[in-house]
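Structure, as structure tokens:
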Amino acid sequence: MRISAKNPLRIARERLVISRFELARKAGVSMLTLARIEEGKPCRIDTKRRIAETLGFNPWREGEKPSSPER
């Protein structure tokens with residue numbers, strides 16, 4: 001039996017109540033790319049950066065909560 005763990009990106013996206021479509025559009029990536037990342041497939045660092053920024057994650061502001069993405 002395989003135990004499935006959710007991908008951290010999917011967890012963050014769901015906590016912010018944002019759809020894959022909306023996140024992909026705001027981050028400027030395709031739905032297919034976003035789906036592949038949530039499945040654990042690799043992607044370019046630039047793609048990761050754009051998604052993280054869209055979700056309001058800033059690694060230089062340690063201890064702060066991520067802000068909600070603009071709607």
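Chain labels follow the order of the structure tokens: the first chain is A, the next B, and so on; residue numbering restarts at 1 in every chain, and ligands are counted from 1 in their shown order.
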
When you look at range 33-39 of chain A with a cut-off of 9 Å (counting only C-alpha atoms), what residues show up, excluding the ones that are within fewer than 6 positions of it in the same chain? I need them as a ChimeraX atom specification.
/A:6-10,20-21,23-24,47-48,51

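The spacing separating CA of Gly28 in chain A from CA of Thr54 in chain A amounts to 9.4 Å.
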